[in-house]
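What follows is the content of structure_38.cif, which has mmCIF, C-alpha atoms:
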data_entry
loop_
_atom_site.label_atom_id
_atom_site.label_comp_id
_atom_site.auth_asym_id
_atom_site.auth_seq_id
_atom_site.Cartn_x
_atom_site.Cartn_y
_atom_site.Cartn_z
CA MET E 1 0.00 0.00 0.00
CA ILE E 2 1.33 3.39 -1.02
CA GLY E 3 0.55 6.84 0.36
CA VAL E 4 1.23 9.75 -1.98
CA ASP E 5 1.47 13.43 -1.15
CA LEU E 6 1.19 14.79 -4.69
CA GLY E 7 2.15 18.36 -3.91
CA THR E 8 2.68 21.38 -6.11
CA THR E 9 6.28 21.77 -4.97
CA ASN E 10 7.30 18.31 -3.74
CA VAL E 11 6.13 14.73 -4.06
CA ARG E 12 6.46 12.40 -1.07
CA ILE E 13 5.74 8.68 -1.19
CA HIS E 14 5.28 6.36 1.79
CA LEU E 15 5.48 2.58 1.37
CA LYS E 16 3.81 0.53 4.07
CA GLY E 17 6.36 -1.07 6.37
CA LYS E 18 9.26 0.95 4.97
CA GLY E 19 8.36 4.59 5.75
CA VAL E 20 8.78 7.64 3.54
CA LEU E 21 11.01 6.42 0.72
CA LEU E 22 10.83 9.38 -1.62
CA ARG E 23 10.95 13.13 -1.14
CA GLU E 24 11.63 14.90 -4.43
CA PRO E 25 10.68 18.16 -6.16
CA ALA E 26 7.57 17.92 -8.37
CA VAL E 27 9.56 18.85 -11.47
CA ILE E 28 9.95 17.06 -14.79
CA ALA E 29 12.30 17.86 -17.69
CA VAL E 30 11.19 16.95 -21.21
CA VAL E 31 12.39 17.48 -24.76
CA LYS E 32 10.73 20.68 -25.94
CA GLY E 33 7.51 20.10 -27.88
CA THR E 34 7.32 16.42 -26.86
CA THR E 35 6.62 14.30 -23.78
CA GLU E 36 9.99 12.54 -23.92
CA VAL E 37 11.24 12.57 -20.33
CA LYS E 38 14.85 13.60 -19.72
CA ALA E 39 14.77 13.81 -15.90
CA VAL E 40 12.40 13.94 -12.94
CA GLY E 41 12.61 15.09 -9.33
CA GLN E 42 15.86 16.45 -7.94
CA GLU E 43 17.74 16.04 -11.21
CA ALA E 44 15.06 17.99 -13.09
CA TYR E 45 14.89 20.64 -10.35
CA ARG E 46 18.56 21.45 -10.87
CA MET E 47 17.70 22.20 -14.49
CA LEU E 48 15.08 24.86 -13.69
CA GLY E 49 16.11 28.09 -15.40
CA ARG E 50 19.25 26.44 -16.78
CA THR E 51 18.03 24.25 -19.63
CA PRO E 52 19.26 24.48 -23.23
CA GLY E 53 16.79 25.44 -25.93
CA ASN E 54 15.68 21.88 -26.70
CA ILE E 55 14.80 20.90 -23.10
CA THR E 56 12.04 22.31 -20.87
CA ALA E 57 11.97 21.83 -17.08
CA LEU E 58 8.59 22.55 -15.54
CA ARG E 59 6.19 21.78 -12.70
CA PRO E 60 3.17 19.78 -13.97
CA MET E 61 1.24 20.56 -10.76
CA ALA E 62 -0.14 24.05 -10.16
CA ASP E 63 -2.03 25.35 -7.12
CA GLY E 64 -2.42 21.85 -5.73
CA VAL E 65 -4.02 20.35 -8.84
CA ILE E 66 -2.87 18.73 -12.06
CA ALA E 67 -2.02 21.35 -14.68
CA ASP E 68 -0.55 18.92 -17.22
CA TYR E 69 -2.11 15.47 -16.97
CA THR E 70 0.32 13.61 -19.26
CA LEU E 71 3.45 14.95 -17.59
CA THR E 72 2.03 14.41 -14.08
CA GLU E 73 1.29 10.78 -14.93
CA ARG E 74 4.81 10.27 -16.30
CA MET E 75 6.40 11.96 -13.31
CA LEU E 76 4.34 9.90 -10.86
CA LYS E 77 5.13 6.68 -12.73
CA ALA E 78 8.87 7.47 -12.54
CA PHE E 79 8.65 8.19 -8.80
CA ILE E 80 6.67 5.04 -8.01
CA SER E 81 9.14 2.94 -10.02
CA LYS E 82 11.89 4.31 -7.74
CA VAL E 83 9.95 3.14 -4.69
CA LEU E 84 8.76 -0.23 -6.00
CA THR E 85 11.98 -2.13 -6.67
CA GLY E 86 12.73 -5.81 -6.91
CA PRO E 87 9.80 -8.27 -6.87
CA SER E 88 7.45 -5.59 -5.50
CA ARG E 89 7.54 -3.75 -8.82
CA PHE E 90 5.15 -6.36 -10.25
CA ILE E 91 2.53 -5.74 -7.55
CA ARG E 92 -0.46 -3.51 -8.29
CA PRO E 93 -0.69 -1.49 -5.08
CA ASN E 94 -3.54 0.30 -3.37
CA ILE E 95 -2.72 4.01 -3.56
CA MET E 96 -3.99 6.78 -1.31
CA VAL E 97 -3.51 10.29 -2.74
CA CYS E 98 -4.18 13.50 -0.82
CA ILE E 99 -6.09 16.34 -2.47
CA PRO E 100 -6.84 19.96 -1.48
CA SER E 101 -10.31 20.43 -0.02
CA GLY E 102 -11.38 22.95 -2.66
CA ILE E 103 -10.74 21.02 -5.88
CA THR E 104 -13.49 20.16 -8.36
CA ASP E 105 -14.82 16.74 -9.37
CA VAL E 106 -13.01 17.08 -12.69
CA GLU E 107 -9.72 17.68 -10.88
CA LYS E 108 -10.42 14.69 -8.60
CA ARG E 109 -11.00 12.47 -11.62
CA ALA E 110 -7.68 13.61 -13.09
CA VAL E 111 -5.88 12.49 -9.90
CA VAL E 112 -7.69 9.13 -9.94
CA GLN E 113 -6.89 8.63 -13.63
CA ALA E 114 -3.21 9.39 -13.02
CA ALA E 115 -3.14 6.78 -10.25
CA ARG E 116 -4.81 4.25 -12.55
CA GLU E 117 -2.21 4.91 -15.23
CA VAL E 118 0.63 4.08 -12.85
CA GLY E 119 -0.94 0.70 -12.07
CA ALA E 120 -3.01 1.23 -8.93
CA ARG E 121 -5.39 -1.61 -8.08
CA LYS E 122 -7.52 0.76 -6.04
CA CYS E 123 -7.16 4.53 -5.64
CA TYR E 124 -8.43 6.44 -2.63
CA LEU E 125 -8.55 10.21 -2.23
CA ILE E 126 -8.23 11.95 1.12
CA GLU E 127 -8.41 15.65 1.85
CA GLU E 128 -5.12 17.23 2.83
CA THR E 129 -6.33 18.61 6.15
CA VAL E 130 -7.58 15.18 7.27
CA ALA E 131 -4.33 13.51 6.24
CA ALA E 132 -2.30 16.27 7.90
CA ALA E 133 -4.29 15.92 11.13
CA ILE E 134 -3.76 12.15 11.21
CA GLY E 135 -0.05 12.58 10.45
CA ALA E 136 0.27 15.20 13.20
CA GLY E 137 -1.07 12.71 15.73
CA ILE E 138 -4.49 14.28 16.21
CA ALA E 139 -7.21 11.78 17.17
CA ILE E 140 -9.71 12.98 14.58
CA ALA E 141 -12.45 10.52 15.61
CA GLU E 142 -12.87 12.09 19.07
CA PRO E 143 -15.96 14.26 19.74
CA VAL E 144 -13.88 17.42 20.14
CA GLY E 145 -12.88 20.14 17.72
CA SER E 146 -9.35 20.23 16.31
CA MET E 147 -8.16 22.92 13.91
CA ILE E 148 -5.49 22.24 11.33
CA ILE E 149 -3.80 24.62 8.88
CA ASP E 150 -1.82 22.89 6.13
CA VAL E 151 0.44 25.35 4.29
CA GLY E 152 1.74 23.54 1.24
CA GLY E 153 3.43 24.66 -1.94
CA GLY E 154 0.31 25.49 -3.97
CA THR E 155 -2.55 25.66 -1.47
CA THR E 156 -3.25 26.45 2.15
CA ASP E 157 -6.04 24.30 3.56
CA LEU E 158 -7.74 25.13 6.84
CA ALA E 159 -10.29 22.97 8.63
CA ILE E 160 -11.93 22.20 11.95
CA ILE E 161 -12.35 18.45 12.37
CA SER E 162 -14.59 16.63 14.83
CA LEU E 163 -15.93 13.06 15.08
CA GLY E 164 -13.87 12.04 12.08
CA GLY E 165 -15.37 14.66 9.78
CA ILE E 166 -14.60 18.14 8.49
CA VAL E 167 -17.07 20.56 10.06
CA VAL E 168 -15.81 23.78 8.47
CA SER E 169 -13.07 24.20 5.87
CA GLU E 170 -11.48 26.75 3.61
CA SER E 171 -8.91 26.35 0.83
CA LEU E 172 -6.72 29.15 -0.54
CA ARG E 173 -4.48 29.00 -3.58
CA ILE E 174 -1.93 30.95 -1.59
CA ALA E 175 1.03 29.07 -0.13
CA GLY E 176 4.78 28.52 -0.46
CA ASN E 177 4.97 29.23 -4.18
CA THR E 178 2.98 32.43 -3.67
CA PHE E 179 5.51 33.48 -1.02
CA ASP E 180 8.29 32.96 -3.59
CA ARG E 181 6.48 35.12 -6.16
CA ASP E 182 5.88 37.80 -3.51
CA ILE E 183 9.61 37.91 -2.76
CA MET E 184 10.49 38.10 -6.46
CA ALA E 185 8.05 40.98 -6.99
CA TYR E 186 9.32 42.86 -3.94
CA VAL E 187 12.99 42.53 -4.91
CA LYS E 188 12.10 43.66 -8.43
CA SER E 189 10.16 46.67 -7.12
CA ARG E 190 12.55 47.81 -4.41
CA TYR E 191 15.97 46.90 -5.82
CA ASN E 192 15.27 46.88 -9.59
CA LEU E 193 16.67 43.35 -9.57
CA LEU E 194 15.24 40.40 -11.48
CA ILE E 195 15.67 37.09 -9.66
CA GLY E 196 14.38 33.58 -10.35
CA ASP E 197 12.18 31.14 -8.45
CA ARG E 198 15.10 29.25 -6.92
CA THR E 199 16.73 32.42 -5.61
CA ALA E 200 13.43 33.57 -4.09
CA GLU E 201 13.02 30.18 -2.41
CA GLN E 202 16.57 30.42 -1.05
CA ILE E 203 15.78 33.85 0.44
CA LYS E 204 12.60 32.47 2.03
CA ARG E 205 14.39 29.45 3.53
CA GLU E 206 17.48 31.23 4.83
CA ILE E 207 16.20 34.56 6.14
CA GLY E 208 12.42 34.45 5.68
CA ALA E 209 10.00 35.08 8.56
CA ALA E 210 6.33 35.91 9.00
CA LYS E 211 7.23 38.50 11.62
CA ILE E 212 10.26 39.62 13.61
CA VAL E 213 9.88 38.57 17.24
CA THR E 214 13.43 38.96 18.59
CA PRO E 215 16.50 40.85 17.31
CA ASP E 216 18.03 37.48 16.38
CA ASP E 217 15.29 37.03 13.79
CA ALA E 218 16.70 39.85 11.66
CA ARG E 219 19.09 38.38 9.11
CA THR E 220 20.47 39.31 5.70
CA ILE E 221 21.51 37.50 2.54
CA GLU E 222 23.35 38.61 -0.59
CA VAL E 223 21.49 37.73 -3.78
CA ARG E 224 22.48 38.04 -7.41
CA GLY E 225 20.32 38.76 -10.41
CA ARG E 226 19.92 41.01 -13.44
CA ASP E 227 19.68 44.77 -13.07
CA LEU E 228 16.48 45.97 -14.73
CA ILE E 229 18.02 49.32 -15.60
CA ASP E 230 21.18 48.37 -17.49
CA GLY E 231 20.66 44.61 -17.88
CA MET E 232 23.97 43.79 -16.16
CA PRO E 233 24.53 41.28 -13.34
CA LYS E 234 24.06 42.86 -9.93
CA SER E 235 24.21 41.87 -6.24
CA VAL E 236 22.09 43.31 -3.43
CA THR E 237 21.63 42.55 0.26
CA VAL E 238 18.10 41.46 1.18
CA SER E 239 16.98 41.52 4.82
CA THR E 240 14.38 39.67 6.86
CA GLU E 241 12.46 42.96 7.10
CA ASP E 242 12.18 42.90 3.29
CA VAL E 243 10.71 39.39 3.38
CA VAL E 244 8.23 40.29 6.14
CA THR E 245 7.02 43.24 4.03
CA ALA E 246 6.88 41.13 0.86
CA LEU E 247 4.75 38.41 2.51
CA GLU E 248 2.45 40.76 4.39
CA SER E 249 -0.47 40.64 1.92
CA SER E 250 -0.45 36.85 1.43
CA LEU E 251 -0.13 36.12 5.14
CA LYS E 252 -3.04 38.45 5.88
CA LYS E 253 -5.23 36.44 3.49
CA ILE E 254 -4.32 33.23 5.34
CA ALA E 255 -5.07 34.90 8.67
CA ASP E 256 -8.41 36.17 7.31
CA ALA E 257 -9.29 32.64 6.19
CA MET E 258 -8.43 31.34 9.67
CA VAL E 259 -10.75 33.89 11.24
CA LYS E 260 -13.49 33.00 8.72
CA VAL E 261 -13.28 29.30 9.61
CA LEU E 262 -13.50 30.10 13.32
CA GLU E 263 -16.49 32.40 12.71
CA GLN E 264 -18.36 29.67 10.82
CA ALA E 265 -17.72 26.93 13.38
CA PRO E 266 -20.18 26.03 16.15
CA PRO E 267 -19.25 27.74 19.46
CA GLU E 268 -18.60 24.42 21.23
CA LEU E 269 -15.96 23.53 18.67
CA VAL E 270 -14.39 26.98 18.85
CA SER E 271 -14.14 26.47 22.61
CA ASP E 272 -12.30 23.18 21.96
CA VAL E 273 -9.92 24.91 19.53
CA ILE E 274 -9.15 27.63 22.08
CA GLU E 275 -8.35 24.94 24.64
CA ARG E 276 -6.39 22.62 22.34
CA GLY E 277 -4.79 25.21 20.07
CA ILE E 278 -4.26 25.26 16.32
CA VAL E 279 -1.73 23.01 14.56
CA ILE E 280 0.19 24.08 11.44
CA THR E 281 1.56 21.48 9.02
CA GLY E 282 3.10 21.48 5.55
CA GLY E 283 6.37 22.82 4.22
CA GLY E 284 5.09 26.38 4.61
CA ALA E 285 4.91 25.82 8.38
CA LEU E 286 8.71 26.02 8.36
CA LEU E 287 8.50 29.78 7.68
CA ARG E 288 9.93 31.25 10.87
CA ASN E 289 7.44 32.73 13.34
CA LEU E 290 4.39 31.81 11.27
CA ASP E 291 2.90 30.33 14.44
CA ALA E 292 3.53 33.57 16.36
CA TYR E 293 2.00 35.61 13.53
CA LEU E 294 -1.21 33.57 13.39
CA SER E 295 -1.48 33.36 17.16
CA GLY E 296 -1.27 37.16 17.33
CA VAL E 297 -4.34 37.46 15.08
CA THR E 298 -6.73 35.44 17.29
CA SER E 299 -4.86 35.06 20.61
CA ILE E 300 -5.36 31.28 20.24
CA PRO E 301 -2.23 29.18 20.82
CA VAL E 302 -0.72 28.03 17.52
CA GLY E 303 1.91 25.32 17.28
CA VAL E 304 3.91 23.71 14.47
CA ALA E 305 3.60 19.93 14.17
CA SER E 306 6.73 17.86 14.55
CA ASN E 307 8.11 17.06 11.09
CA PRO E 308 5.45 19.30 9.45
CA ALA E 309 6.59 18.67 5.87
CA ASP E 310 5.90 14.92 6.16
CA CYS E 311 2.62 15.12 8.10
CA VAL E 312 0.42 14.79 5.02
CA VAL E 313 2.19 11.77 3.51
CA LEU E 314 2.40 10.06 6.91
CA GLY E 315 -1.30 10.68 7.49
CA THR E 316 -2.11 9.50 3.97
CA ALA E 317 -0.29 6.22 4.62
CA GLN E 318 -1.92 5.74 8.04
CA ALA E 319 -5.34 6.41 6.54
CA LEU E 320 -4.94 3.36 4.29
CA ASP E 321 -5.32 1.25 7.43
CA MET E 322 -8.45 3.21 8.39
CA VAL E 323 -10.38 2.73 5.15
CA HIS E 324 -12.96 0.48 6.84
CA VAL E 325 -13.61 3.20 9.43
CA LEU E 326 -13.36 6.37 7.34
CA LYS E 327 -14.33 5.19 3.89
CA ASP E 328 -17.79 6.75 3.80
CA ALA E 329 -16.53 10.05 5.15
CA TYR E 330 -13.34 10.58 3.22
CA PHE E 331 -12.60 8.34 0.33
CA ASP E 332 -13.44 8.14 -3.32
CA GLU E 333 -12.58 4.76 -4.74
CA ALA E 334 -11.72 3.87 -8.30
CA ARG E 335 -11.77 0.29 -9.51
CA PRO E 336 -9.82 0.07 -12.76
#

Could you render the structure from this file as structure tokens?
Amino acid sequence: MIGVDLGTTNVRIHLKGKGVLLREPAVIAVVKGTTEVKAVGQEAYRMLGRTPGNITALRPMADGVIADYTLTERMLKAFISKVLTGPSRFIRPNIMVCIPSGITDVEKRAVVQAAREVGARKCYLIEETVAAAIGAGIAIAEPVGSMIIDVGGGTTDLAIISLGGIVVSESLRIAGNTFDRDIMAYVKSRYNLLIGDRTAEQIKREIGAAKIVTPDDARTIEVRGRDLIDGMPKSVTVSTEDVVTALESSLKKIADAMVKVLEQAPPELVSDVIERGIVITGGGALLRNLDAYLSGVTSIPVGVASNPADCVVLGTAQALDMVHVLKDAYFDEARP
């Protein structure tokens, strides 16, 4: 049985009994104008922005959903072949794939079809917030409210879960990739410097923060790019304050969505959330002081799950053992 976190930025695959065996960027490199695959994952990621004219490196997932069905299927097939080695490669596995809570039926069918194409015997779909909650160790079947915020690469999913079901949820197509674009736009506006996706991601990882809490949070990094005025290479020093300003608008939208979910929830569940706190998962949870920023909006304790980036894939894998309990509530099943 295989659990798949088919993310916009990264793909993670969990094989039952062996743990998380694959964590690679959701990038594929193909010969331009064809679907001939040259590289996938980490190897293809290194090609982003550096490919010759006859090769294109791109992300076939966008905003948490499949943007290019054919390339997504080929990428997923390559990843699963890395995981299923030896005699196990002849087995048709059951596959559980997580999906954002806001996607359409058409987008769900595309995910199911991709899983069928890679040889799944049965395909189950689980919403990201449910998988994240399970992976974070939250007992979702209890009659108490638990709030989860999963900040991924393409989407941020927020939900209050009780008695094994989602009571209130919200999905935003604002997440880690949006943060990168915000940083690129800010550096372009303030420093007249054009930088790429990978440089923006490096800035976010090394000095990024949702807010500055202590003097130690203020850091700087030297980045290189192309001067928009004379077109020549140029270096500038970007600070944490720059990143905080760049992310301000996107983070406010996430905070507003959090408030909206709390406003729509029954008061008893809100009381549970106040008592138990809010849990953040996903790669975006690694943005420094995001928990402090969100906690400051509502005064509700906010904590980051342990190993937040793997919560969804771990929960997806664990949910495969809970199909008999949660099937009616959470899973769509395809029988090829």

Distance in Å - atom CA of Met184 of chain E versus atom CA of Pro60 of chain E: 21.1 Å

Using the file's own x, y and z axes, so that the box edges lie along x, y and z, what centre and edge lengths in Å (one decimal) does a box around every listed atom of segment 217-234 of chain E get when 5 Å is added on each side? Give it as AutoDock Vina command-line options.
--center_x 19.9 --center_y 43.2 --center_z -2.0 --size_x 19.2 --size_y 22.3 --size_z 41.7

Here is a test: counting only C-alpha atoms, which residue of E:Leu251, E:Met47, E:Ile274, E:Ile148 is nearest to Glu170 of chain E?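 The answer is E:Ile148, which sits nearest to Glu170 of chain E.
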
Where does the PyMOL selection byres ((chain E and resi 225) around 10) land in this file, that is, which residues does it pick, as a list in words?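 Residues picked by the PyMOL selection byres ((chain E and resi 225) around 10): Val187, Lys188, Asn192, Leu193, Leu194, Ile195, Gly196, Thr199, Val223, Arg224, Arg226, Asp227, Leu228, Gly231, Met232, Pro233, Lys234, Ser235 and Val236 of chain E.
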
With all atoms listed in the file as the counted atoms, please give the residues lying no more than 7 Å from Asp157 of chain E, apart from itself and same-chain residues fewer than 2 positions off, as a ChimeraX atom specification. /E:100-101,129,149-151,155,159,170-172

Expanded to explicit residues, what is the PyMOL selection byres ((chain E and resi 158) around 12) for this file, as a PDB file with C-alpha atoms, keeping the file's coordinate frame?
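Writing done, so here's out-v4.pdb:
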ATOM      1  CA  PRO E 100      -6.840  19.960  -1.480  1.00  0.00           C
ATOM      2  CA  SER E 101     -10.310  20.430  -0.020  1.00  0.00           C
ATOM      3  CA  GLY E 102     -11.380  22.950  -2.660  1.00  0.00           C
ATOM      4  CA  GLU E 127      -8.410  15.650   1.850  1.00  0.00           C
ATOM      5  CA  GLU E 128      -5.120  17.230   2.830  1.00  0.00           C
ATOM      6  CA  THR E 129      -6.330  18.610   6.150  1.00  0.00           C
ATOM      7  CA  VAL E 130      -7.580  15.180   7.270  1.00  0.00           C
ATOM      8  CA  ALA E 132      -2.300  16.270   7.900  1.00  0.00           C
ATOM      9  CA  ALA E 133      -4.290  15.920  11.130  1.00  0.00           C
ATOM     10  CA  SER E 146      -9.350  20.230  16.310  1.00  0.00           C
ATOM     11  CA  MET E 147      -8.160  22.920  13.910  1.00  0.00           C
ATOM     12  CA  ILE E 148      -5.490  22.240  11.330  1.00  0.00           C
ATOM     13  CA  ILE E 149      -3.800  24.620   8.880  1.00  0.00           C
ATOM     14  CA  ASP E 150      -1.820  22.890   6.130  1.00  0.00           C
ATOM     15  CA  VAL E 151       0.440  25.350   4.290  1.00  0.00           C
ATOM     16  CA  GLY E 152       1.740  23.540   1.240  1.00  0.00           C
ATOM     17  CA  THR E 155      -2.550  25.660  -1.470  1.00  0.00           C
ATOM     18  CA  THR E 156      -3.250  26.450   2.150  1.00  0.00           C
ATOM     19  CA  ASP E 157      -6.040  24.300   3.560  1.00  0.00           C
ATOM     20  CA  ALA E 159     -10.290  22.970   8.630  1.00  0.00           C
ATOM     21  CA  ILE E 160     -11.930  22.200  11.950  1.00  0.00           C
ATOM     22  CA  ILE E 161     -12.350  18.450  12.370  1.00  0.00           C
ATOM     23  CA  ILE E 166     -14.600  18.140   8.490  1.00  0.00           C
ATOM     24  CA  VAL E 167     -17.070  20.560  10.060  1.00  0.00           C
ATOM     25  CA  VAL E 168     -15.810  23.780   8.470  1.00  0.00           C
ATOM     26  CA  SER E 169     -13.070  24.200   5.870  1.00  0.00           C
ATOM     27  CA  GLU E 170     -11.480  26.750   3.610  1.00  0.00           C
ATOM     28  CA  SER E 171      -8.910  26.350   0.830  1.00  0.00           C
ATOM     29  CA  LEU E 172      -6.720  29.150  -0.540  1.00  0.00           C
ATOM     30  CA  ARG E 173      -4.480  29.000  -3.580  1.00  0.00           C
ATOM     31  CA  ILE E 174      -1.930  30.950  -1.590  1.00  0.00           C
ATOM     32  CA  ALA E 175       1.030  29.070  -0.130  1.00  0.00           C
ATOM     33  CA  ILE E 254      -4.320  33.230   5.340  1.00  0.00           C
ATOM     34  CA  ALA E 255      -5.070  34.900   8.670  1.00  0.00           C
ATOM     35  CA  ASP E 256      -8.410  36.170   7.310  1.00  0.00           C
ATOM     36  CA  ALA E 257      -9.290  32.640   6.190  1.00  0.00           C
ATOM     37  CA  MET E 258      -8.430  31.340   9.670  1.00  0.00           C
ATOM     38  CA  VAL E 259     -10.750  33.890  11.240  1.00  0.00           C
ATOM     39  CA  LYS E 260     -13.490  33.000   8.720  1.00  0.00           C
ATOM     40  CA  VAL E 261     -13.280  29.300   9.610  1.00  0.00           C
ATOM     41  CA  LEU E 262     -13.500  30.100  13.320  1.00  0.00           C
ATOM     42  CA  ILE E 278      -4.260  25.260  16.320  1.00  0.00           C
ATOM     43  CA  VAL E 279      -1.730  23.010  14.560  1.00  0.00           C
ATOM     44  CA  ILE E 280       0.190  24.080  11.440  1.00  0.00           C
ATOM     45  CA  THR E 281       1.560  21.480   9.020  1.00  0.00           C
ATOM     46  CA  GLY E 282       3.100  21.480   5.550  1.00  0.00           C
TER      47      GLY E 282
END

Got a sec: who's within 12 Å of Ala317 of chain E, counting all atoms listed in the file, leaving out chain neighbours fewer than 3 positions off, as an MDAnalysis selection string? chainID E and resid 1:5 12:21 94:98 124:126 130:132 134:135 310:314 320:323

Selected residues, C-alpha atoms, written as a PDB file, keeping the file's coordinate frame, please.
ATOM      1  CA  MET E   1       0.000   0.000   0.000  1.00  0.00           C
ATOM      2  CA  ILE E   2       1.330   3.390  -1.020  1.00  0.00           C
ATOM      3  CA  GLY E   3       0.550   6.840   0.360  1.00  0.00           C
ATOM      4  CA  VAL E   4       1.230   9.750  -1.980  1.00  0.00           C
ATOM      5  CA  ASP E   5       1.470  13.430  -1.150  1.00  0.00           C
ATOM      6  CA  ARG E  12       6.460  12.400  -1.070  1.00  0.00           C
ATOM      7  CA  ILE E  13       5.740   8.680  -1.190  1.00  0.00           C
ATOM      8  CA  HIS E  14       5.280   6.360   1.790  1.00  0.00           C
ATOM      9  CA  LEU E  15       5.480   2.580   1.370  1.00  0.00           C
ATOM     10  CA  LYS E  16       3.810   0.530   4.070  1.00  0.00           C
ATOM     11  CA  GLY E  17       6.360  -1.070   6.370  1.00  0.00           C
ATOM     12  CA  LYS E  18       9.260   0.950   4.970  1.00  0.00           C
ATOM     13  CA  GLY E  19       8.360   4.590   5.750  1.00  0.00           C
ATOM     14  CA  VAL E  20       8.780   7.640   3.540  1.00  0.00           C
ATOM     15  CA  LEU E  21      11.010   6.420   0.720  1.00  0.00           C
ATOM     16  CA  ASN E  94      -3.540   0.300  -3.370  1.00  0.00           C
ATOM     17  CA  ILE E  95      -2.720   4.010  -3.560  1.00  0.00           C
ATOM     18  CA  MET E  96      -3.990   6.780  -1.310  1.00  0.00           C
ATOM     19  CA  VAL E  97      -3.510  10.290  -2.740  1.00  0.00           C
ATOM     20  CA  CYS E  98      -4.180  13.500  -0.820  1.00  0.00           C
ATOM     21  CA  TYR E 124      -8.430   6.440  -2.630  1.00  0.00           C
ATOM     22  CA  LEU E 125      -8.550  10.210  -2.230  1.00  0.00           C
ATOM     23  CA  ILE E 126      -8.230  11.950   1.120  1.00  0.00           C
ATOM     24  CA  VAL E 130      -7.580  15.180   7.270  1.00  0.00           C
ATOM     25  CA  ALA E 131      -4.330  13.510   6.240  1.00  0.00           C
ATOM     26  CA  ALA E 132      -2.300  16.270   7.900  1.00  0.00           C
ATOM     27  CA  ILE E 134      -3.760  12.150  11.210  1.00  0.00           C
ATOM     28  CA  GLY E 135      -0.050  12.580  10.450  1.00  0.00           C
ATOM     29  CA  ASP E 310       5.900  14.920   6.160  1.00  0.00           C
ATOM     30  CA  CYS E 311       2.620  15.120   8.100  1.00  0.00           C
ATOM     31  CA  VAL E 312       0.420  14.790   5.020  1.00  0.00           C
ATOM     32  CA  VAL E 313       2.190  11.770   3.510  1.00  0.00           C
ATOM     33  CA  LEU E 314       2.400  10.060   6.910  1.00  0.00           C
ATOM     34  CA  LEU E 320      -4.940   3.360   4.290  1.00  0.00           C
ATOM     35  CA  ASP E 321      -5.320   1.250   7.430  1.00  0.00           C
ATOM     36  CA  MET E 322      -8.450   3.210   8.390  1.00  0.00           C
ATOM     37  CA  VAL E 323     -10.380   2.730   5.150  1.00  0.00           C
TER      38      VAL E 323
END

Spatial neighbours of Asp182 of chain E, 9 Å, all atoms listed in the file, chain gap at least 2 places, as a PyMOL selection string: chain E and resi 177-180+184-187+200+243+246-247+249-250

Can you work out the spacing between atom CA of Arg276 of chain E and atom CA of Pro301 of chain E in Å, to one decimal?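 Computed distance, atom CA of Arg276 of chain E to atom CA of Pro301 of chain E, equals 7.9 Å.
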
Expressed in Å to a single decimal, how great is the separation between atom CA of Asp105 of chain E and atom CA of Val40 of chain E? 27.6 Å

Check what the PyMOL selection byres ((chain E and resi 10) around 6) selects in the file above and give those residues as a list in words.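 Taken on the displayed file, the PyMOL selection byres ((chain E and resi 10) around 6) yields the residues Gly7, Thr9, Val11, Glu24, Pro25 and Ala26 of chain E.
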
Kindly save the residues from that selection, with C-alpha atoms included, as a tab-separated table (two decimals), keeping the file's coordinate frame.
chain	number	residue	atom	x	y	z
E	7	GLY	CA	2.15	18.36	-3.91
E	9	THR	CA	6.28	21.77	-4.97
E	11	VAL	CA	6.13	14.73	-4.06
E	24	GLU	CA	11.63	14.90	-4.43
E	25	PRO	CA	10.68	18.16	-6.16
E	26	ALA	CA	7.57	17.92	-8.37

Proximity to Glu73 of chain E - best of E:Val118, E:Val112, E:Met61, E:Val30, all atoms listed in the file: E:Val118

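Considering the residues E:Ala120, E:Glu107, E:Ala285, E:Tyr191 and counting only C-alpha atoms, Ile229 of chain E has its shortest atom-to-atom contact with E:Tyr191.
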
Closest to Leu76 of chain E among E:Glu117, E:Glu43, E:Asp242, E:Asp63, using all atoms listed in the file? E:Glu117

With distances taken over all atoms listed in the file, which of E:Ile66, E:Ala57, E:Ile207, E:Ala305 is nearest to Ala110 of chain E?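 The closest residue to Ala110 of chain E is E:Ile66.
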
Using all atoms listed in the file, what residues lie at most 10 Å away from (6.2, 23.6, -14.4) (file coordinates), given as a VMD selection string? chain E and resid 8 to 9 26 to 29 48 56 to 62 67 to 68 71

Minimum-distance residue to Ile140 of chain E, chosen among E:Gly315, E:Glu263, E:Leu294, E:Gly284 (using only C-alpha atoms):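 Closest to Ile140 of chain E, using only C-alpha atoms: E:Gly315.
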
At a cut-off of 9 Å, using only C-alpha atoms, what residues contact Glu206 of chain E? Leave out same-chain residues fewer than 5 positions from it and give the result as a PyMOL selection string. chain E and resi 201+219-221

Could you pull out every residue with an atom within 8 Å of (6.0, 27.3, 16.3), file coordinates, counting all atoms listed in the file, and send them as an NGL selection string? :E and (288-292 or 302-304)
